[in-house]
file my_file-v2.tsv (TSV, C-alpha atoms and all ligand atoms)
chain	number	residue	atom	x	y	z
A	1	MET	CA	119.48	109.06	102.15
A	2	ILE	CA	117.25	106.43	100.54
A	3	LEU	CA	116.71	102.94	101.97
A	4	VAL	CA	115.66	100.23	99.52
A	5	THR	CA	114.11	97.05	100.91
A	6	GLY	CA	114.14	93.97	98.65
A	7	ALA	CA	117.02	95.56	96.74
A	8	ASN	CA	118.38	92.18	95.62
A	9	GLY	CA	115.12	91.12	94.00
A	10	PHE	CA	114.03	91.39	90.38
A	11	ILE	CA	112.87	95.02	90.53
A	12	GLY	CA	115.45	95.96	93.14
A	13	ARG	CA	118.41	95.04	90.92
A	14	SER	CA	117.18	97.34	88.13
A	15	LEU	CA	116.36	100.10	90.55
A	16	MET	CA	119.71	100.04	92.34
A	17	ALA	CA	121.54	100.25	88.99
A	18	GLN	CA	119.41	103.22	87.96
A	19	LEU	CA	119.89	105.02	91.27
A	20	GLN	CA	123.62	104.50	91.00
A	21	ARG	CA	123.67	105.90	87.44
A	22	ALA	CA	121.67	108.90	88.64
A	23	GLY	CA	124.22	109.48	91.43
A	24	LYS	CA	121.65	108.96	94.20
A	25	GLU	CA	122.88	107.58	97.47
A	26	ALA	CA	120.86	104.50	98.38
A	27	ARG	CA	121.28	102.02	101.19
A	28	VAL	CA	120.40	98.36	100.72
A	29	HIS	CA	118.26	96.98	103.51
A	30	HIS	CA	119.80	93.87	105.06
A	31	GLY	CA	118.03	91.34	107.27
A	32	ARG	CA	114.38	90.55	107.68
A	33	ILE	CA	111.71	93.19	107.28
A	34	ASN	CA	109.72	91.84	110.22
A	35	ASN	CA	112.54	92.40	112.65
A	36	PRO	CA	112.49	95.93	114.14
A	37	LEU	CA	116.01	95.40	115.48
A	38	ASP	CA	117.22	94.89	111.91
A	39	LEU	CA	115.30	97.89	110.68
A	40	ARG	CA	115.94	100.50	113.32
A	41	PRO	CA	119.67	101.17	112.81
A	42	GLN	CA	119.26	101.03	109.03
A	43	LEU	CA	116.64	103.77	109.09
A	44	GLU	CA	118.99	106.27	110.69
A	45	ASP	CA	119.31	109.42	108.53
A	46	VAL	CA	116.92	107.94	105.98
A	47	ASN	CA	114.30	110.27	104.57
A	48	THR	CA	112.85	108.03	101.83
A	49	VAL	CA	112.12	104.31	101.80
A	50	ILE	CA	111.46	102.42	98.58
A	51	HIS	CA	109.77	99.28	99.81
A	52	LEU	CA	110.30	96.36	97.42
A	53	ALA	CA	110.52	93.50	99.91
A	54	GLY	CA	107.74	91.03	99.26
A	55	ALA	CA	107.02	87.31	99.11
A	56	GLU	CA	104.90	87.15	95.95
A	57	SER	CA	107.48	85.05	94.13
A	58	ARG	CA	107.38	82.38	96.85
A	59	GLY	CA	103.73	81.59	96.15
A	60	ARG	CA	102.65	80.84	99.73
A	61	ASN	CA	99.77	82.64	101.39
A	62	ARG	CA	101.16	82.50	104.92
A	63	LEU	CA	104.49	83.86	103.83
A	64	LEU	CA	102.81	86.57	101.74
A	65	HIS	CA	100.81	87.65	104.78
A	66	HIS	CA	103.89	87.53	107.01
A	67	VAL	CA	106.20	89.49	104.71
A	68	ASP	CA	103.89	91.79	102.77
A	69	ILE	CA	101.32	92.70	105.41
A	70	GLU	CA	103.05	92.17	108.76
A	71	GLY	CA	106.43	93.22	107.33
A	72	THR	CA	104.93	96.44	105.96
A	73	GLU	CA	103.28	97.11	109.31
A	74	ARG	CA	106.66	96.76	111.08
A	75	LEU	CA	108.34	98.93	108.47
A	76	ILE	CA	105.71	101.66	108.85
A	77	GLU	CA	106.06	101.64	112.64
A	78	GLU	CA	109.81	102.02	112.35
A	79	CYS	CA	109.49	104.71	109.65
A	80	GLN	CA	107.16	106.65	111.94
A	81	ARG	CA	109.70	106.39	114.76
A	82	ALA	CA	112.52	107.50	112.48
A	83	GLN	CA	110.37	110.30	110.99
A	84	VAL	CA	110.88	109.10	107.45
A	85	GLN	CA	109.52	111.68	105.02
A	86	ARG	CA	108.50	109.52	102.08
A	87	LEU	CA	107.44	105.95	101.31
A	88	ILE	CA	107.43	104.67	97.72
A	89	VAL	CA	105.72	101.31	97.27
A	90	PRO	CA	105.01	99.10	94.25
A	91	SER	CA	101.65	97.41	94.00
A	92	ARG	CA	99.70	95.53	91.37
A	93	ILE	CA	96.94	96.45	88.96
A	94	GLY	CA	93.71	95.16	90.50
A	95	ALA	CA	94.94	95.50	94.12
A	96	ASP	CA	91.83	95.48	96.27
A	97	HIS	CA	91.42	94.41	99.87
A	98	ASN	CA	88.09	92.78	98.87
A	99	SER	CA	89.53	90.81	95.96
A	100	LEU	CA	88.86	87.08	95.72
A	101	HIS	CA	92.49	86.57	94.73
A	102	GLU	CA	94.98	86.30	97.56
A	103	LEU	CA	97.75	88.34	95.97
A	104	LEU	CA	95.49	91.21	94.92
A	105	ARG	CA	93.78	91.19	98.31
A	106	THR	CA	97.15	91.35	100.06
A	107	LYS	CA	98.33	94.16	97.80
A	108	GLY	CA	95.08	96.03	98.55
A	109	GLU	CA	95.74	95.57	102.26
A	110	VAL	CA	99.33	96.82	101.90
A	111	GLU	CA	98.06	99.89	100.03
A	112	ARG	CA	95.61	100.60	102.86
A	113	LEU	CA	98.36	100.35	105.48
A	114	VAL	CA	100.55	102.76	103.52
A	115	GLN	CA	97.71	105.19	102.84
A	116	LYS	CA	96.72	105.46	106.48
A	117	SER	CA	100.29	105.51	107.82
A	118	GLY	CA	100.48	109.30	107.91
A	119	ILE	CA	103.79	109.11	106.02
A	120	PRO	CA	103.78	110.92	102.65
A	121	TYR	CA	103.55	108.08	100.16
A	122	THR	CA	103.46	107.23	96.47
A	123	ILE	CA	102.07	103.90	95.32
A	124	LEU	CA	102.92	102.68	91.82
A	125	ARG	CA	100.53	99.95	90.75
A	126	SER	CA	102.03	97.98	87.94
A	127	ALA	CA	101.16	95.34	85.39
A	128	THR	CA	103.29	92.19	85.35
A	129	LEU	CA	106.89	93.14	84.62
A	130	PHE	CA	109.22	91.45	82.18
A	131	GLY	CA	112.98	91.45	81.91
A	132	HIS	CA	116.02	89.25	82.35
A	133	GLY	CA	115.49	87.08	85.45
A	134	ASP	CA	111.71	87.53	85.63
A	135	LEU	CA	109.21	84.87	86.63
A	136	PHE	CA	107.03	85.56	83.63
A	137	THR	CA	108.61	85.47	80.17
A	138	GLU	CA	111.46	83.21	81.26
A	139	ILE	CA	109.12	80.70	82.89
A	140	ILE	CA	106.76	80.61	79.91
A	141	ALA	CA	109.68	80.09	77.52
A	142	SER	CA	111.43	77.45	79.61
A	143	LEU	CA	108.16	75.59	80.19
A	144	ALA	CA	107.66	75.53	76.41
A	145	ILE	CA	111.08	73.91	76.06
A	146	TRP	CA	110.09	71.13	78.47
A	147	THR	CA	106.69	70.51	76.88
A	148	TRP	CA	108.06	69.96	73.36
A	149	PRO	CA	106.45	69.80	70.79
A	150	ILE	CA	103.59	71.86	72.22
A	151	VAL	CA	103.07	75.02	74.20
A	152	TRP	CA	100.10	75.34	76.57
A	153	LEU	CA	97.63	78.14	76.05
A	154	PRO	CA	95.41	78.34	79.14
A	155	GLY	CA	91.90	79.34	78.12
A	156	GLY	CA	93.05	79.41	74.49
A	157	GLY	CA	95.42	82.29	75.34
A	158	ASN	CA	92.55	84.79	75.25
A	159	ILE	CA	93.41	86.71	78.40
A	160	VAL	CA	94.75	90.20	77.72
A	161	MET	CA	97.88	91.54	79.42
A	162	GLN	CA	99.85	94.76	79.25
A	163	PRO	CA	103.36	93.77	80.34
A	164	LEU	CA	105.76	96.52	81.36
A	165	TRP	CA	109.56	96.38	81.05
A	166	VAL	CA	111.18	96.22	84.48
A	167	GLU	CA	113.71	98.91	83.51
A	168	ASP	CA	110.84	101.28	82.71
A	169	PHE	CA	109.17	100.54	86.01
A	170	ALA	CA	112.44	101.07	87.90
A	171	ARG	CA	112.83	104.37	86.03
A	172	CYS	CA	109.38	105.45	87.28
A	173	LEU	CA	110.26	104.45	90.85
A	174	ALA	CA	113.51	106.43	90.67
A	175	ALA	CA	111.81	109.43	89.05
A	176	SER	CA	109.19	109.49	91.84
A	177	LEU	CA	111.93	110.55	94.25
A	178	ASP	CA	112.08	114.00	92.65
A	179	ARG	CA	108.34	114.35	92.20
A	180	PRO	CA	106.64	115.91	95.26
A	181	ASP	CA	103.50	116.27	93.11
A	182	LEU	CA	103.09	112.48	93.31
A	183	ILE	CA	102.83	112.46	97.10
A	184	GLY	CA	99.55	110.98	98.28
A	185	LYS	CA	98.89	109.43	94.86
A	186	THR	CA	98.28	105.89	93.68
A	187	ILE	CA	99.30	105.64	90.05
A	188	THR	CA	98.68	102.83	87.59
A	189	LEU	CA	101.40	101.88	85.12
A	190	ALA	CA	101.36	99.35	82.30
A	191	GLY	CA	102.91	98.77	78.90
A	192	GLU	CA	101.46	100.46	75.84
A	193	GLU	CA	100.51	97.20	74.15
A	194	GLN	CA	97.46	95.17	75.12
A	195	LEU	CA	98.43	91.67	74.09
A	196	HIS	CA	96.55	88.42	74.18
A	197	TYR	CA	98.47	85.77	76.06
A	198	ARG	CA	98.76	83.72	72.84
A	199	GLU	CA	100.48	86.70	71.16
A	200	ILE	CA	102.86	87.06	74.11
A	201	VAL	CA	103.73	83.37	73.80
A	202	ARG	CA	104.27	83.75	70.05
A	203	GLN	CA	106.70	86.63	70.60
A	204	LEU	CA	108.55	84.76	73.34
A	205	LEU	CA	108.97	81.66	71.17
A	206	ILE	CA	110.37	83.76	68.32
A	207	ALA	CA	112.82	85.40	70.73
A	208	ALA	CA	113.83	82.01	72.13
A	209	ASN	CA	114.14	80.64	68.59
A	210	ARG	CA	111.73	77.74	69.21
A	211	THR	CA	108.76	76.39	67.31
A	212	ARG	CA	105.88	74.88	69.24
A	213	LEU	CA	102.33	73.85	68.48
A	214	PRO	CA	99.85	75.89	70.57
A	215	LEU	CA	97.59	73.63	72.63
A	216	PRO	CA	94.60	75.29	74.33
A	217	ILE	CA	93.91	73.93	77.82
A	218	PRO	CA	90.85	74.71	79.95
A	219	LEU	CA	91.27	77.28	82.71
A	220	LEU	CA	89.55	74.94	85.17
A	221	ILE	CA	92.49	72.52	85.29
A	222	LEU	CA	95.14	75.22	85.81
A	223	HIS	CA	95.03	75.43	89.58
A	224	PRO	CA	94.91	71.64	90.15
A	225	VAL	CA	97.74	71.05	87.65
A	226	SER	CA	99.98	73.76	89.10
A	227	ARG	CA	99.32	72.42	92.62
A	228	LEU	CA	100.10	68.87	91.55
A	229	PHE	CA	103.43	69.75	89.98
A	230	PHE	CA	104.71	72.71	91.94
A	231	ARG	CA	103.12	72.70	95.38
A	232	TRP	CA	106.10	71.16	97.15
A	233	TRP	CA	108.78	73.30	95.55
A	234	TRP	CA	110.63	75.59	97.92
A	235	ARG	CA	110.50	78.35	95.30
A	236	PRO	CA	107.96	77.23	92.69
A	237	PRO	CA	108.47	78.59	89.17
A	238	ILE	CA	104.70	78.66	88.73
A	239	THR	CA	102.70	79.83	91.70
A	240	HIS	CA	98.95	80.06	92.11
A	241	TYR	CA	99.37	83.85	91.97
A	242	PHE	CA	100.76	83.37	88.46
A	243	VAL	CA	97.80	81.14	87.59
A	244	ASP	CA	95.34	83.71	89.00
A	245	ARG	CA	96.49	86.09	86.28
A	246	PHE	CA	94.56	84.01	83.72
A	247	PHE	CA	91.33	84.83	85.54
A	248	VAL	CA	91.70	88.60	86.00
A	249	PRO	CA	92.61	90.70	82.96
A	250	GLU	CA	95.51	92.94	83.89
A	251	VAL	CA	94.82	95.99	81.80
A	252	ALA	CA	95.03	99.72	82.36
A	253	GLU	CA	95.21	102.94	80.37
A	254	PHE	CA	97.75	102.83	77.54
A	255	ASP	CA	99.39	106.10	78.46
A	256	GLY	CA	99.97	105.84	82.23
A	257	VAL	CA	103.77	105.92	81.96
A	258	LEU	CA	103.76	108.72	79.36
A	259	ARG	CA	101.25	110.84	81.25
A	260	HIS	CA	102.87	110.54	84.66
A	261	PHE	CA	106.56	110.22	83.75
A	262	GLY	CA	106.86	111.68	80.26
A	263	PHE	CA	108.31	108.74	78.35
A	264	ARG	CA	106.93	105.84	76.35
A	265	PRO	CA	107.49	102.34	77.76
A	266	ALA	CA	109.30	99.70	75.69
A	267	ARG	CA	107.48	97.13	73.59
A	268	LEU	CA	107.70	93.50	74.66
A	269	SER	CA	109.38	92.31	71.47
A	270	HIS	CA	112.20	94.90	71.81
A	271	HIS	CA	113.53	93.63	75.13
A	272	ILE	CA	113.29	89.83	75.24
A	273	ALA	CA	116.52	88.95	73.45
A	274	TYR	CA	117.69	87.46	76.78
A	275	LEU	CA	115.45	84.46	75.96
A	276	ARG	CA	117.84	83.36	73.23
A	277	ARG	CA	120.45	82.13	75.66
A	278	SER	CA	121.63	78.66	76.48
A	279	GLY	CA	120.54	77.36	79.87
A	280	LEU	CA	116.98	78.65	79.60
A	281	ARG	CA	115.89	75.01	79.82
A	282	TRP	CA	117.07	74.94	83.45
A	283	ARG	CA	115.32	78.14	84.44
A	284	LEU	CA	112.41	76.17	85.92
A	285	PHE	CA	114.83	74.55	88.36
A	286	ARG	CA	116.82	77.68	89.11
A	287	TRP	CA	116.11	77.50	92.80
B	1	LIG	N1	107.57	91.38	89.44
B	1	LIG	C1	106.41	91.93	89.09
B	1	LIG	O1	105.89	91.73	87.98
B	1	LIG	C2	105.72	92.87	90.06
B	1	LIG	C3	104.69	93.70	89.59
B	1	LIG	C4	104.05	94.56	90.50
B	1	LIG	C5	104.43	94.58	91.84
B	1	LIG	N2	105.42	93.73	92.26
B	1	LIG	C6	105.79	93.78	93.68
B	1	LIG	O2	107.06	94.39	93.83
B	1	LIG	C7	107.76	93.81	94.94
B	1	LIG	C8	109.11	93.30	94.46
B	1	LIG	O3	108.89	92.39	93.40
B	1	LIG	P1	110.07	91.55	92.74
B	1	LIG	O4	109.53	91.01	91.47
B	1	LIG	O5	111.33	92.33	92.76
B	1	LIG	O6	110.16	90.34	93.80
B	1	LIG	P2	111.41	89.37	94.14
B	1	LIG	O7	112.33	89.27	92.98
B	1	LIG	O8	110.83	88.14	94.72
B	1	LIG	O9	112.18	90.17	95.28
B	1	LIG	C9	111.65	90.27	96.57
B	1	LIG	C10	112.71	90.82	97.48
B	1	LIG	O10	112.13	90.89	98.79
B	1	LIG	C11	113.06	90.29	99.69
B	1	LIG	N3	112.36	89.70	100.84
B	1	LIG	C12	111.50	88.67	100.83
B	1	LIG	N4	111.11	88.39	102.10
B	1	LIG	C13	111.75	89.28	102.90
B	1	LIG	C14	111.77	89.52	104.29
B	1	LIG	N5	111.04	88.79	105.16
B	1	LIG	N6	112.55	90.52	104.77
B	1	LIG	C15	113.30	91.27	103.93
B	1	LIG	N7	113.34	91.10	102.61
B	1	LIG	C16	112.56	90.11	102.09
B	1	LIG	C17	113.78	89.23	98.89
B	1	LIG	O11	115.01	88.94	99.53
B	1	LIG	P3	115.43	87.39	99.77
B	1	LIG	O12	115.54	86.79	98.41
B	1	LIG	O13	116.70	87.51	100.53
B	1	LIG	O14	114.30	86.78	100.55
B	1	LIG	C18	113.97	89.96	97.56
B	1	LIG	O15	115.11	90.78	97.61
B	1	LIG	C19	106.86	92.70	95.48
B	1	LIG	O16	106.11	93.20	96.54
B	1	LIG	C20	105.94	92.39	94.30
B	1	LIG	O17	104.68	91.89	94.74
B	1	LIG	C21	106.09	92.91	91.40

call {"tool": "encode", "arguments": {"input": "my_file-v2.tsv", "output": "structure tokens"}}
result
Amino acid sequence: MILVTGANGFIGRSLMAQLQRAGKEARVHHGRINNPLDLRPQLEDVNTVIHLAGAESRGRNRLLHHVDIEGTERLIEECQRAQVQRLIVPSRIGADHNSLHELLRTKGEVERLVQKSGIPYTILRSATLFGHGDLFTEIIASLAIWTWPIVWLPGGGNIVMQPLWVEDFARCLAASLDRPDLIGKTITLAGEEQLHYREIVRQLLIAANRTRLPLPIPLLILHPVSRLFFRWWWRPPITHYFVDRFFVPEVAEFDGVLRHFGFRPARLSHHIAYLRRSGLRWRLFRW
């Protein structure tokens, strides 16, 4: 039996569909990860936990610490009690407990907790994921709709990214279940294309069927502007973790997915047709 935490989230939805197609029995974790009384009964008969619960999308440091670090600590304690045999955990490229960036520091801390838990683990570090319902391509495209006739290019759009399709990442998570050789490993996965942010924006605008004039804006004003506009939102579409991505290139080897999982990840332009839908304008206000 597999337990999936955060199964209703962006990655979780893809993963659950893939597990179902593969005929694997998976239980959705209900309740709060920090509550042992929620966790304990749900871990009965579970031998693998895929731990996707996290507060990155909420953009608040206290919540990130509470859910990602303290929640993972609780989960590990309960997994140890229940003698869970395997923990599969997503992380981010650049995760480092000494990082200057809150999200990457937290992810580094989570990795450390998992690595010293004594439970056989696999950590899949990933680049930013794209797909229907993401907080990346959809936010960039819907922001461009609101800022007609321009589109902002922080730092001139020079930062390089290697976005990975969420379905490909979910496929790697699911495949890890049958890969004992990955136990004790931390693997880095990214798309095969290294794209400048301005090229990503160009592809997104084509997919969304919009024309906008690129307007470079200095990186220095990004944090103050995002704070000014989005700080008070319950679920901000643009968080300071999103903004941090313009300061740390998110690149890795081109062939991580092929080398570790034997298939080539999708190109960005092949899987963003979802941007050509009506209602994208309201994506910023989805929550
Ligand atoms: N998306 C990416 O590009 C990416 C890349 C690399 C790594 N990751 C990591 O992968 C994980 C999942 O990402 P995602 O994009 O799927 O995030 P997401 O869409 O925000 O989903 C997060 C999930 O965690 C659940 N959750 C939040 N707080 C919880 C709590 N206290 N107790 C139990 N469940 C809780 C949420 O449920 P509720 O909505 O009910 O709160 C939701 O189902 C995160 O740790 C993220 O940092 C994401």

call {"tool": "residues_near_ligand", "arguments": {"input": "my_file-v2.tsv", "ligand": "ligand LIG 1 (chain B)", "cutoff": "8 Å", "atoms": "all atoms listed in the file", "output": "ChimeraX atom specification"}}
result
/A:5-13,29-34,51-58,66-68,71,89-93,103,107,125-130,134-136,166

call {"tool": "closest_residue", "arguments": {"input": "my_file-v2.tsv", "among": "A:Arg86, A:Arg179, A:Lys116, A:Arg277", "to": "Phe261 in chain A", "atoms": "all atoms listed in the file"}}
result
A:Arg179

call {"tool": "atom_distance", "arguments": {"input": "my_file-v2.tsv", "atom1": "CA of Trp165 in chain A", "atom2": "CA of Ser269 in chain A"}}
result
10.4 Å

call {"tool": "residues_around", "arguments": {"input": "my_file-v2.tsv", "residues": "Ile183 in chain A", "least_positions_apart": "2", "cutoff": "7 Å", "atoms": "all atoms listed in the file", "output": "compact mmCIF listing (two decimals) with C-alpha atoms, in the coordinates of the input"}}
result
# COMPACT_ATOMS: atom_id res chain seq x y z
CA PRO A 120 103.78 110.92 102.65
CA TYR A 121 103.55 108.08 100.16
CA THR A 122 103.46 107.23 96.47
CA PRO A 180 106.64 115.91 95.26
CA ASP A 181 103.50 116.27 93.11
CA LYS A 185 98.89 109.43 94.86

call {"tool": "residues_around", "arguments": {"input": "my_file-v2.tsv", "residues": "His196 in chain A", "least_positions_apart": "6", "cutoff": "6 Å", "atoms": "only C-alpha atoms", "output": "PyMOL selection string"}}
result
chain A and resi 158-160

call {"tool": "residues_near_point", "arguments": {"input": "my_file-v2.tsv", "point": "(121.2, 100.8, 100.2)", "cutoff": "8 Å", "atoms": "all atoms listed in the file", "output": "PDB file with C-alpha atoms, keeping the file's coordinate frame"}}
result
ATOM      1  CA  ILE A   2     117.250 106.430 100.540  1.00  0.00           C
ATOM      2  CA  LEU A   3     116.710 102.940 101.970  1.00  0.00           C
ATOM      3  CA  VAL A   4     115.660 100.230  99.520  1.00  0.00           C
ATOM      4  CA  ALA A   7     117.020  95.560  96.740  1.00  0.00           C
ATOM      5  CA  GLU A  25     122.880 107.580  97.470  1.00  0.00           C
ATOM      6  CA  ALA A  26     120.860 104.500  98.380  1.00  0.00           C
ATOM      7  CA  ARG A  27     121.280 102.020 101.190  1.00  0.00           C
ATOM      8  CA  VAL A  28     120.400  98.360 100.720  1.00  0.00           C
ATOM      9  CA  HIS A  29     118.260  96.980 103.510  1.00  0.00           C
TER      10      HIS A  29
END

call {"tool": "atom_distance", "arguments": {"input": "my_file-v2.tsv", "atom1": "CA of Val84 in chain A", "atom2": "CA of Arg40 in chain A"}}
result
11.6 Å

call {"tool": "closest_residue", "arguments": {"input": "my_file-v2.tsv", "among": "A:Gly118, A:His260, A:Thr72, A:Gln20", "to": "Gly184 in chain A", "atoms": "only C-alpha atoms"}}
result
A:Gly118

call {"tool": "closest_residue", "arguments": {"input": "my_file-v2.tsv", "among": "A:Asn47, A:Arg60, A:Pro154, A:Leu280", "to": "Gln85 in chain A", "atoms": "only C-alpha atoms"}}
result
A:Asn47

call {"tool": "closest_residue", "arguments": {"input": "my_file-v2.tsv", "among": "A:Ile140, A:Leu104, A:Met16, A:Gly131", "to": "Ile238 in chain A", "atoms": "only C-alpha atoms"}}
result
A:Ile140

call {"tool": "residues_around", "arguments": {"input": "my_file-v2.tsv", "residues": "range 108-112 of chain A", "least_positions_apart": "6", "cutoff": "6 Å", "atoms": "all atoms listed in the file", "output": "ChimeraX atom specification"}}
result
/A:69,95-97

call {"tool": "closest_residue", "arguments": {"input": "my_file-v2.tsv", "among": "A:Phe169, A:Tyr241, A:Tyr197, A:Phe247", "to": "Val151 in chain A", "atoms": "all atoms listed in the file"}}
result
A:Tyr197

call {"tool": "closest_residue", "arguments": {"input": "my_file-v2.tsv", "among": "A:Arg62, A:Arg74, A:His223, A:Lys24", "to": "Phe246 in chain A", "atoms": "all atoms listed in the file"}}
result
A:His223

call {"tool": "atom_distance", "arguments": {"input": "my_file-v2.tsv", "atom1": "CA of Phe242 in chain A", "atom2": "CA of Trp152 in chain A"}}
result
14.4 Å

call {"tool": "decode", "arguments": {"input": "my_file-v2.tsv", "residues": "range 104-135 of chain A", "atoms": "C-alpha atoms", "output": "PDB file, in the first residue's frame"}}
result
ATOM      1  CA  LEU A 104      15.828  26.353  -1.155  1.00  0.00           C
ATOM      2  CA  ARG A 105      17.009  26.440   2.454  1.00  0.00           C
ATOM      3  CA  THR A 106      13.796  24.769   3.595  1.00  0.00           C
ATOM      4  CA  LYS A 107      14.052  22.130   0.879  1.00  0.00           C
ATOM      5  CA  GLY A 108      17.673  21.493   1.933  1.00  0.00           C
ATOM      6  CA  GLU A 109      16.487  21.055   5.519  1.00  0.00           C
ATOM      7  CA  VAL A 110      13.724  18.650   4.436  1.00  0.00           C
ATOM      8  CA  GLU A 111      16.279  16.621   2.465  1.00  0.00           C
ATOM      9  CA  ARG A 112      18.485  16.400   5.564  1.00  0.00           C
ATOM     10  CA  LEU A 113      15.587  15.186   7.706  1.00  0.00           C
ATOM     11  CA  VAL A 114      14.723  12.504   5.159  1.00  0.00           C
ATOM     12  CA  GLN A 115      18.342  11.434   4.692  1.00  0.00           C
ATOM     13  CA  LYS A 116      18.961  10.946   8.389  1.00  0.00           C
ATOM     14  CA  SER A 117      15.556   9.368   9.113  1.00  0.00           C
ATOM     15  CA  GLY A 118      16.841   5.819   8.742  1.00  0.00           C
ATOM     16  CA  ILE A 119      13.949   5.088   6.373  1.00  0.00           C
ATOM     17  CA  PRO A 120      15.029   3.992   2.867  1.00  0.00           C
ATOM     18  CA  TYR A 121      14.420   7.086   0.777  1.00  0.00           C
ATOM     19  CA  THR A 122      14.568   8.507  -2.729  1.00  0.00           C
ATOM     20  CA  ILE A 123      14.679  12.261  -3.256  1.00  0.00           C
ATOM     21  CA  LEU A 124      13.813  13.638  -6.684  1.00  0.00           C
ATOM     22  CA  ARG A 125      15.060  17.196  -7.044  1.00  0.00           C
ATOM     23  CA  SER A 126      13.226  18.912  -9.818  1.00  0.00           C
ATOM     24  CA  ALA A 127      13.279  22.069 -11.881  1.00  0.00           C
ATOM     25  CA  THR A 128      10.113  24.174 -11.925  1.00  0.00           C
ATOM     26  CA  LEU A 129       7.269  22.105 -13.335  1.00  0.00           C
ATOM     27  CA  PHE A 130       4.756  23.196 -15.929  1.00  0.00           C
ATOM     28  CA  GLY A 131       1.343  21.860 -16.810  1.00  0.00           C
ATOM     29  CA  HIS A 132      -2.342  22.686 -16.632  1.00  0.00           C
ATOM     30  CA  GLY A 133      -3.038  24.345 -13.266  1.00  0.00           C
ATOM     31  CA  ASP A 134       0.574  25.297 -12.521  1.00  0.00           C
ATOM     32  CA  LEU A 135       1.720  28.485 -10.826  1.00  0.00           C
TER      33      LEU A 135
END
